[in-house]
Each structure stands twice: as C-alpha cells, then as structure tokens.
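Q: Just entry-v4.txt, nothing more (compact mmCIF, C-alpha atoms):
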# COMPACT_ATOMS: atom_id res chain seq x y z
CA MET K 93 21.97 -2.72 8.40
CA LEU K 94 20.23 0.31 6.91
CA ALA K 95 20.87 2.32 10.09
CA ALA K 96 24.57 1.44 10.02
CA LEU K 97 24.78 2.43 6.34
CA TRP K 98 23.07 5.74 7.14
CA GLU K 99 25.54 6.64 9.88
CA PHE K 100 28.52 5.40 7.87
CA TYR K 101 27.67 7.65 4.94
CA LYS K 102 27.00 10.60 7.23
CA VAL K 103 30.46 10.24 8.76
CA THR K 104 32.39 9.51 5.58
CA GLY K 105 30.37 11.30 2.90
CA PRO K 106 31.09 14.87 1.71
CA GLU K 107 29.09 17.60 3.41
CA ASN K 108 27.74 18.89 0.08
CA GLY K 109 26.90 15.41 -1.19
CA VAL K 110 28.14 13.70 -4.32
CA VAL K 111 27.55 15.69 -7.51
CA LEU K 112 28.17 14.27 -10.96
CA ALA K 113 27.69 16.40 -14.09
CA ASP K 114 25.83 19.06 -12.07
CA ARG K 115 23.45 16.41 -10.74
CA ALA K 116 23.21 15.37 -7.10
CA ILE K 117 23.85 11.62 -6.92
CA LEU K 118 24.05 11.26 -3.13
CA PRO K 119 22.55 13.59 -0.50
CA ARG K 120 24.35 16.11 1.65
CA THR K 121 25.56 14.92 5.04
CA GLY K 122 25.00 18.08 7.08
CA ASP K 123 22.85 17.90 10.20
CA ARG K 124 20.03 19.79 8.51
CA ALA K 125 19.81 17.49 5.51
CA MET K 126 20.79 14.25 7.24
CA PRO K 127 20.43 14.23 11.03
CA HIS K 128 21.80 11.44 13.18
CA LEU K 129 19.47 8.56 13.98
CA TRP K 130 19.73 9.25 17.71
CA ASP K 131 18.64 12.85 17.08
CA MET K 132 15.55 11.54 15.26
CA GLY K 133 14.84 9.14 18.12
CA SER K 134 15.22 11.73 20.87
CA ARG K 135 13.02 14.18 18.95
CA LEU K 136 10.12 11.71 19.16
CA PHE K 137 9.92 12.26 22.93
CA GLU K 138 9.89 16.04 22.75
CA PRO K 139 6.68 18.10 22.33
CA ALA K 140 5.34 18.10 18.79
CA THR K 141 4.86 21.88 18.80
CA GLY K 142 6.16 24.48 21.22
CA ARG K 143 7.55 23.59 24.61
CA ARG K 144 4.43 21.94 25.98
CA GLY K 145 1.93 19.46 24.72
CA ASP K 146 1.94 15.83 23.67
CA PRO K 147 5.20 14.24 22.60
CA LEU K 148 5.88 13.97 18.90
CA TRP K 149 5.47 10.19 18.91
CA VAL K 150 1.88 10.59 20.14
CA ALA K 151 0.99 12.85 17.21
CA VAL K 152 2.67 10.44 14.79
CA LEU K 153 0.89 7.45 16.31
CA GLN K 154 -2.50 9.14 16.08
CA ALA K 155 -1.91 10.10 12.45
CA SER K 156 -0.68 6.59 11.68
CA TRP K 157 -3.84 5.06 13.18
CA PHE K 158 -5.96 7.45 11.12
CA SER K 159 -4.20 6.49 7.89
CA LEU K 160 -4.06 2.80 8.75
CA ARG K 161 -7.84 2.56 9.01
CA ILE K 162 -8.28 4.23 5.63
CA ALA K 163 -5.62 2.02 4.05
CA ALA K 164 -7.28 -1.09 5.51
CA ALA K 165 -10.64 -0.07 4.05
CA GLY K 166 -9.05 0.60 0.67
CA TRP K 167 -7.18 -2.71 0.79
CA LEU K 168 -10.37 -4.62 1.60
CA ILE K 169 -12.28 -2.96 -1.23
CA GLY K 170 -9.41 -3.56 -3.63
CA VAL K 171 -9.14 -7.23 -2.67
CA VAL K 172 -12.86 -7.83 -3.18
CA VAL K 173 -12.87 -6.05 -6.55
CA GLY K 174 -9.70 -7.84 -7.66
CA LEU K 175 -11.05 -11.26 -6.71
CA LEU K 176 -14.34 -10.66 -8.50
CA LEU K 177 -12.54 -9.46 -11.63
CA ALA K 178 -10.24 -12.49 -11.58
CA LEU K 179 -13.15 -14.89 -11.20
CA GLY K 180 -15.04 -13.21 -14.03
CA MET K 181 -12.04 -13.20 -16.36
CA GLN K 182 -11.28 -16.84 -15.64
CA ARG K 183 -14.89 -17.89 -16.16
CA ILE K 184 -15.44 -15.95 -19.39
CA ARG K 185 -12.56 -15.82 -21.85
CA LEU K 186 -14.11 -12.90 -23.69
CA ALA K 187 -14.10 -10.96 -20.42
CA GLU K 188 -10.39 -11.63 -19.97
CA ALA K 189 -9.59 -10.45 -23.48
CA SER K 190 -11.65 -7.29 -23.10
CA VAL K 191 -11.13 -6.37 -19.43
CA LEU K 192 -7.51 -7.32 -18.69
CA PRO K 193 -5.96 -4.68 -21.00
CA TRP K 194 -8.04 -2.00 -19.27
CA VAL K 195 -6.98 -3.31 -15.86
CA VAL K 196 -3.35 -2.95 -16.87
CA LEU K 197 -3.96 0.44 -18.50
CA SER K 198 -5.61 1.76 -15.34
CA GLN K 199 -2.31 1.62 -13.48
CA THR K 200 -0.62 4.01 -15.92
CA VAL K 201 -2.74 6.97 -14.81
CA PRO K 202 -0.78 9.24 -12.40
CA LEU K 203 -2.23 8.91 -8.93
CA ILE K 204 -1.63 12.54 -8.04
CA ALA K 205 -3.75 13.54 -11.04
CA ILE K 206 -6.84 11.44 -10.29
CA ALA K 207 -6.97 12.08 -6.52
CA PRO K 208 -8.55 15.55 -6.80
CA LEU K 209 -10.98 14.21 -9.42
CA VAL K 210 -12.12 11.39 -7.15
CA ARG K 211 -12.70 13.86 -4.34
CA ARG K 212 -14.68 16.17 -6.62
CA TRP K 213 -16.84 13.38 -8.02
CA GLY K 214 -17.43 11.99 -4.54
CA SER K 215 -18.52 15.36 -3.16
CA GLN K 216 -21.32 15.38 -5.73
CA ILE K 217 -22.82 12.16 -4.38
CA SER K 218 -25.95 12.80 -2.34
CA ILE K 219 -28.10 9.91 -1.13
CA GLY K 220 -30.58 10.98 1.53
CA SER K 221 -28.70 12.09 4.63
CA PHE K 222 -25.46 10.48 3.46
CA GLU K 223 -22.62 12.92 2.97
CA TRP K 224 -19.41 12.05 1.17
CA ASP K 225 -16.31 12.44 3.30
CA SER K 226 -12.80 13.05 2.01
CA ARG K 227 -11.73 9.87 3.80
CA TYR K 228 -13.90 7.89 1.39
CA SER K 229 -12.05 9.44 -1.54
CA VAL K 230 -8.71 8.41 -0.06
CA ALA K 231 -10.01 4.86 0.53
CA ILE K 232 -11.19 4.64 -3.08
CA ILE K 233 -7.78 5.74 -4.33
CA ALA K 234 -6.09 3.16 -2.09
CA ALA K 235 -8.44 0.51 -3.49
CA TYR K 236 -7.61 1.70 -7.01
CA LEU K 237 -3.99 0.72 -6.45
CA ALA K 238 -4.72 -2.41 -4.41
CA PHE K 239 -7.08 -4.18 -6.80
CA PHE K 240 -4.56 -4.55 -9.65
CA PRO K 241 -2.06 -7.02 -8.11
CA VAL K 242 -4.92 -9.07 -6.66
CA ALA K 243 -6.74 -9.29 -9.99
CA VAL K 244 -3.62 -10.27 -11.94
CA GLY K 245 -2.21 -12.61 -9.30
CA MET K 246 -5.52 -14.34 -8.66
CA LEU K 247 -6.11 -14.80 -12.38
CA ARG K 248 -2.71 -16.46 -12.72
CA GLY K 249 -3.51 -18.69 -9.77
CA LEU K 250 -6.93 -19.72 -11.07
CA LYS K 251 -5.34 -20.70 -14.39
CA SER K 252 -2.39 -22.51 -12.77
CA PRO K 253 -3.82 -26.07 -12.34
CA ASP K 254 -2.37 -28.63 -14.74
CA ALA K 255 -4.45 -29.74 -17.69
CA THR K 256 -4.39 -33.30 -16.36
CA HIS K 257 -6.01 -32.18 -13.10
CA LEU K 258 -8.68 -30.27 -14.98
CA ASP K 259 -9.34 -33.28 -17.20
CA LEU K 260 -9.66 -35.44 -14.11
CA MET K 261 -12.26 -33.09 -12.63
CA ARG K 262 -14.19 -33.13 -15.89
CA SER K 263 -14.07 -36.92 -15.99
CA TYR K 264 -15.75 -36.91 -12.59
CA GLY K 265 -18.52 -34.78 -14.06
CA THR K 266 -17.87 -31.83 -11.73
CA GLY K 267 -19.12 -28.40 -12.69
CA TRP K 268 -17.30 -25.08 -12.74
CA TRP K 269 -18.26 -24.20 -9.17
CA THR K 270 -17.00 -27.47 -7.67
CA THR K 271 -13.79 -27.27 -9.72
CA LEU K 272 -13.31 -23.74 -8.45
CA LEU K 273 -13.68 -24.70 -4.80
CA ARG K 274 -11.78 -27.99 -4.90
CA LEU K 275 -9.02 -27.25 -7.40
CA ARG K 276 -8.62 -23.70 -8.67
CA LEU K 277 -8.87 -21.81 -5.37
CA PRO K 278 -6.40 -24.04 -3.47
CA ALA K 279 -4.01 -23.87 -6.44
CA SER K 280 -4.22 -20.06 -6.50
CA VAL K 281 -3.01 -19.55 -2.90
CA PRO K 282 0.75 -19.42 -3.78
CA TYR K 283 -0.10 -16.68 -6.28
CA LEU K 284 -2.60 -14.87 -4.10
CA LEU K 285 -0.48 -14.29 -0.98
CA PRO K 286 2.28 -12.27 -2.72
CA ALA K 287 -0.46 -10.33 -4.50
CA LEU K 288 -2.10 -9.52 -1.16
CA ARG K 289 1.20 -8.24 0.24
CA LEU K 290 1.76 -6.08 -2.81
CA ALA K 291 -1.83 -4.83 -2.56
CA ALA K 292 -1.30 -3.92 1.11
CA ALA K 293 1.83 -1.92 0.26
CA SER K 294 0.02 -0.24 -2.63
CA ALA K 295 -2.91 0.67 -0.37
CA VAL K 296 -0.56 2.32 2.14
CA ILE K 297 1.23 4.26 -0.61
CA GLY K 298 -2.08 5.28 -2.18
CA THR K 299 -3.40 6.49 1.17
CA VAL K 300 -0.36 8.63 1.95
CA VAL K 301 -0.19 10.15 -1.54
CA ALA K 302 -3.94 10.77 -1.67
CA GLU K 303 -3.91 12.52 1.71
CA VAL K 304 -1.28 14.88 0.39
CA SER K 305 -3.04 15.37 -2.96
CA ILE K 306 -6.48 16.24 -1.60
CA GLY K 307 -5.28 17.91 1.59
CA LEU K 308 -6.96 15.54 4.04
CA ARG K 309 -5.92 16.42 7.59
CA GLY K 310 -5.40 13.93 10.38
CA GLY K 311 -3.38 11.37 8.46
CA ILE K 312 0.30 10.62 8.13
CA GLY K 313 0.45 12.04 4.60
CA ARG K 314 -0.65 15.47 5.69
CA LEU K 315 1.71 15.27 8.68
CA ILE K 316 4.65 14.65 6.34
CA LEU K 317 3.71 17.76 4.38
CA ASP K 318 3.24 19.93 7.48
CA TYR K 319 6.42 18.83 9.22
CA ALA K 320 8.50 19.27 6.07
CA GLN K 321 8.05 23.02 6.48
CA SER K 322 10.06 22.95 9.72
CA ALA K 323 13.00 21.04 8.23
CA GLY K 324 15.27 24.09 8.33
CA GLY K 325 14.99 24.81 12.05
CA ASP K 326 14.09 21.32 13.28
CA PRO K 327 15.68 18.82 10.87
CA ALA K 328 14.83 15.70 12.89
CA LYS K 329 11.10 16.44 13.06
CA PRO K 330 10.15 15.72 9.40
CA TRP K 331 11.49 12.19 9.75
CA ALA K 332 8.98 11.28 12.46
CA PRO K 333 5.94 10.90 10.15
CA ILE K 334 8.13 8.94 7.73
CA PHE K 335 8.72 6.45 10.53
CA GLY K 336 4.94 6.41 11.00
CA ALA K 337 4.43 5.53 7.34
CA VAL K 338 6.97 2.72 7.71
CA LEU K 339 5.08 1.48 10.76
CA ILE K 340 1.83 1.36 8.78
CA GLY K 341 3.55 -0.66 6.07
CA LEU K 342 4.95 -3.13 8.61
CA ILE K 343 1.53 -3.59 10.21
CA ALA K 344 -0.05 -4.19 6.80
CA ALA K 345 2.61 -6.74 5.88
CA GLY K 346 2.22 -8.46 9.25
CA PHE K 347 -1.53 -8.75 8.79
CA VAL K 348 -1.11 -10.42 5.40
CA SER K 349 1.44 -12.79 6.97
CA LEU K 350 -1.21 -13.83 9.49
CA ILE K 351 -3.54 -14.61 6.59
CA GLY K 352 -0.75 -16.72 5.11
CA LEU K 353 -0.53 -18.74 8.33
CA THR K 354 -4.20 -19.69 8.08
CA LEU K 355 -3.62 -20.84 4.48
CA ARG K 356 -0.42 -22.76 5.23
CA PRO K 357 -1.77 -26.15 4.01
CA TYR K 358 -2.23 -24.64 0.54
CA ARG K 359 0.85 -22.44 0.32
CA ARG K 360 3.53 -24.81 -0.97
CA SER K 361 6.03 -22.42 -2.60
CA GLU K 362 4.86 -18.88 -3.28
CA VAL K 363 5.02 -17.43 -6.78
CA PRO K 364 6.25 -13.80 -7.03
CA ALA K 365 3.54 -11.35 -8.05
Turn the structure described in the file into structure tokens.

A:
Amino acid sequence: MLAALWEFYKVTGPENGVVLADRAILPRTGDRAMPHLWDMGSRLFEPATGRRGDPLWVAVLQASWFSLRIAAAGWLIGVVVGLLLALGMQRIRLAEASVLPWVVLSQTVPLIAIAPLVRRWGSQISIGSFEWDSRYSVAIIAAYLAFFPVAVGMLRGLKSPDATHLDLMRSYGTGWWTTLLRLRLPASVPYLLPALRLAAASAVIGTVVAEVSIGLRGGIGRLILDYAQSAGGDPAKPWAPIFGAVLIGLIAAGFVSLIGLTLRPYRRSEVPA
C-alpha cells in the first residue's frame, strides 16, 4: 500500500512539490529527491562504493546487525529497570508519588542533547582494566527511552486487578509476594506486551539517533549520515540504510510478538500503552 502510494505521488505530483504559503507541504518528485522503488532495489545489489567491493545490501546488513545488538542490549536494560521501578512504585505508594513524576519528566529531555553527555560521562569510568566503549553509551541511551513505557505500562497492569479479587486474596491470608505472583503479574500481561513493543521501537530509535549524535561508526545511524552525503549523485543510495533501520524495527517487533505467544494464556485483550 505504501509502495503504491509512493509511486502514485511520484507520477502525479508536481516536480517541485506542493508549496503552501512558502512552506513545502509535500516533497519534490524528481529522481534526485524521490527515486523509484525499483531504482532503490536495484541499487542494493551494486557495490557500496566504487565499482568493486561488496554489494550495498551487505554493508547495510552488517550495519543493521551492529545496531540491532546494541538496541537489544538497551531494550533489555530498559525492561529490567522499568519492571523494577513499577514493582517499587506499586509496593510503596510514597515511591509512586515521588518517582513517577520524575519518570515522566525524564522523557522531555531532548535525546540529541544528552547523548554526548552520556558518552563523556562514560569515558570517565575506569574500573581496573575495564574501558568504556561508545557502544555502551548508545545502549544506555536506548535503555533511557525503553524503560519509560515499561515502567508506566507495568504499573498500570499491577494496579489493574479488581478490588474484589484483592479482597479475596487478603481473605485467604496471602502476602504481597504471593498476590504479586498469582494475581498482579498475570493481570499485568495485557498492559505489559504493548509496553514491550513500544519499548522495542524506542530502543531502535534511540540507538539510531545516538549513533548519529556521538558519531559511533559501524551502525545504521552512522551509515544514514554517511550515505546522505551522496544523495546528489546517487539518490537511491541514502535509502538503503533507511531500509536497514526498518528491518531492525521489524525484527524487534517480531521478537516481542514471540514473547506474546509464550504468554498467550494471560493475554486476553491487550490494553494500548
């Protein structure tokens, strides 16, 4: 559908785009600004640089694998932190009142502004022979975006059981831990799965943006920046790493869907994050 819309606008749209009140509303349809989809596809099988060397799709795949591993690490860290925060806020009401506003406020800080700071602070860490790598900074930034939906979604899920069910558990004399395992955690699954998907998407976005912000080479973010410089003479090439970023997002979403299959008995109907 999206591909058909792309080609339809390229054929029917004005070459200089749609401009309203001196503002570009829709992009230009020239081959440099908007190449055909088949041109993008054929460019993937040509050498990435020069006339010899590996095809472009190989370079994109390698960069995608590099970024995917960092995004996965950031997602995992973010999920763990988000779950722990949600459990703490549900257990202690004072913690929810004092921590939740800061959790929400943390997401208002521009990512492109904190990425260089995280790299600088990380480079100052020295523990024995351990040396901080820029990949760790990118993973931390990905986790910074991923923990928020998990913390909020999990907190909503832990608080979702009906009062009658909680009263029943108390009448049985069960403690907080047993109530958590038998009631609150199963009830939180419909809230948790959408949060995990949103966290996966946030981790991918955080990884790509952080790679660009701190200049980390080897990933898809840096590849987007490098290939954008050749847009004038090779307009189809800059789209290749964008396809790689889309591929990473699809893999992340597919992985969360597999987690959802293992939790199918508890899913019922999912609640949007």

Q: With stretch 337-349 of chain K as the partner and 12 Å as the cut-off, tabulate the residues of stretch 154-178 of chain K that qualify, each row holding the nearest pair of atoms and their distance in Å to one decimal, using all atoms listed in the file, sorted by chain and rising number, as a tab-separated table.

A:
residue	atom	partner	partner_atom	distance
K:Gln154	CA	K:Ile340	CA	11.5
K:Ala155	CA	K:Ala337	CA	9.3
K:Ser156	CA	K:Ile340	CA	6.5
K:Trp157	CA	K:Ile340	CA	8.1
K:Phe158	CA	K:Ile340	CA	10.2
K:Ser159	CA	K:Ile340	CA	8.0
K:Leu160	CA	K:Ile340	CA	6.1
K:Arg161	CA	K:Ile340	CA	9.7
K:Ile162	CA	K:Ile340	CA	11.0
K:Ala163	CA	K:Ala344	CA	8.8
K:Ala164	CA	K:Ala344	CA	8.0
K:Ala165	CA	K:Ala344	CA	11.7
K:Gly166	CA	K:Ala344	CA	11.9
K:Trp167	CA	K:Ala344	CA	9.4
K:Leu168	CA	K:Ala344	CA	11.6
K:Val171	CA	K:Val348	CA	11.8

Q: Quick one: of K:Ala238, K:Ala328, K:Arg185, K:Val196, who's nearest to K:Phe137, counting only C-alpha atoms?

A: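 For K:Phe137, the nearest of the candidates is K:Ala328.
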
Q: Can you pull out every residue within 7 Å of stretch 300-313 of chain K, counting all atoms listed in the file, but drop anything in the same chain fewer than 2 positions away, and send it as a PyMOL selection string?

A: chain K and resi 155-156+158-159+204+207-208+226+230+233+296-298+315-317+333+336-337

Q: Excluding same-chain residues fewer than 6 positions from K:Ala243, what lies within 10 Å of it counting all atoms listed in the file, as a ChimeraX atom specification?

A: /K:170-179,181,192,195-196,249,284,287-288,291

Q: Just checking: using all atoms listed in the file, which residue out of K:Tyr319, K:Ser215, K:His128, K:Trp224 ends up closest to K:Thr141?

A: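 Residue with the minimum atom-to-atom distance to K:Thr141: K:Tyr319.
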
Q: Can you tell me how far atom CA of K:Val103 sits from atom CA of K:Thr121, in Å to one decimal?

A: 7.7 Å

Q: When distances are computed from only C-alpha atoms, which of K:Tyr283, K:Trp268, K:Phe222, K:Tyr228 shows the smallest separation from K:Met246?

A: K:Tyr283

Q: Quick one: residues within 8 Å of K:Ala332, all atoms listed in the file counted, chain neighbours fewer than 2 positions away excluded, as a ChimeraX atom specification?

A: /K:132,136,148-149,152,328-330,334-336

Q: So that I can see what lies close to K:Arg276, please list as a PyMOL selection string the residues with an atom at most 9 Å from it, counting only C-alpha atoms and leaving out residues fewer than 6 positions away in the same chain.

A: chain K and resi 249-253

Q: Could you save those same residues with C-alpha atoms as an mmCIF file, in the frame of the given file?

A:
data_model
loop_
_atom_site.group_PDB
_atom_site.id
_atom_site.type_symbol
_atom_site.label_atom_id
_atom_site.label_comp_id
_atom_site.auth_asym_id
_atom_site.auth_seq_id
_atom_site.Cartn_x
_atom_site.Cartn_y
_atom_site.Cartn_z
ATOM 1 C CA GLY K 249 -3.510 -18.690 -9.770
ATOM 2 C CA LEU K 250 -6.930 -19.720 -11.070
ATOM 3 C CA LYS K 251 -5.340 -20.700 -14.390
ATOM 4 C CA SER K 252 -2.390 -22.510 -12.770
ATOM 5 C CA PRO K 253 -3.820 -26.070 -12.340
#
